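Quick notes on the structure that follows.
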Amino acid sequence: MMTERREEAAAPVGSPKNAIIRRILTVRNFAVFSIFHSVLFTGLVLCAFVLGKPQPATFFFGFTHGVLYMVMTVACVVAARLRIVSVTTALVVVIVGLFGPYFGAYEFLREERRRLNELSLPDTG
């Protein structure tokens, strides 16, 4: 019964709903937001450990880092299910992203580079 509901709720691959999601959840957008997340995390680390926790800067960096981590996690899981990003990239973001968003940024840039290389290779089949 539960699987029937899931199948009904799941949009077909070529549906307009998936087309919109695929336009938003691109590897390029993930890379940009992950780099932005890394900059915010760097600001948080600097405020918390180097500058003596000045307020409201520490709160701002901490809050935005936490919210962006949650949004990126959900978006990566959705993107992995739609095969927009690899499962490995999604796992790196979900597991390591809270404590080191740099790894996620690296993974997105690596995946983007890999896809560009695949597109530029001549078809030998």
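Within each chain, counting starts at residue 1; across the structure tokens, chains are named A, B, ... in the order shown, with ligands numbered 1 upward in that order.
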
Item to complete: Give me the residues within 9 Å of Arg22 in chain A as a list in words, counting only C-alpha atoms and dropping any in the same chain fewer than 5 places off.
Response: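 Those residues are Lys17, Ala79, Leu82 and Ile84 of chain A.
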
Apply DSSP to the backbone of this structure and, from chain A, keep only the residues in helix (DSSP H, G or I); write these as an NGL selection string. :A and (2-9 or 16-24 or 27-50 or 57-81 or 87-96 or 101-120)

**Prompt:** By how many Å are CA of Ile21 in chain A and CA of Val74 in chain A apart?
**Reply:**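 According to the coordinates, CA of Ile21 in chain A and CA of Val74 in chain A are separated by 12.6 Å.
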
Counting only C-alpha atoms, closest pick from A:Ala19, A:Ala80, A:Val85, A:Val96 relative to Arg110 in chain A is A:Val85

### Task
Pick out the residues sitting within 9 Å of Tyr69 in chain A, and hand them over as an NGL selection string; count only C-alpha atoms, and ignore anything fewer than 6 positions along from it in its own chain.
:A and (37 or 93-94 or 97-98 or 101)

As a check of understanding: the span from CA of Thr88 in chain A to CA of Tyr106 in chain A is 12.2 Å

Nearest candidate to Val45 in chain A (options A:Thr89, A:Phe30, A:Phe99, A:Ala75; using only C-alpha atoms)
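Comparing A:Thr89, A:Phe30, A:Phe99, A:Ala75 against Val45 in chain A, the winner is A:Phe99.
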
One decimal place gives the CA of Thr26 in chain A-CA of Phe63 in chain A separation as 24.8 Å
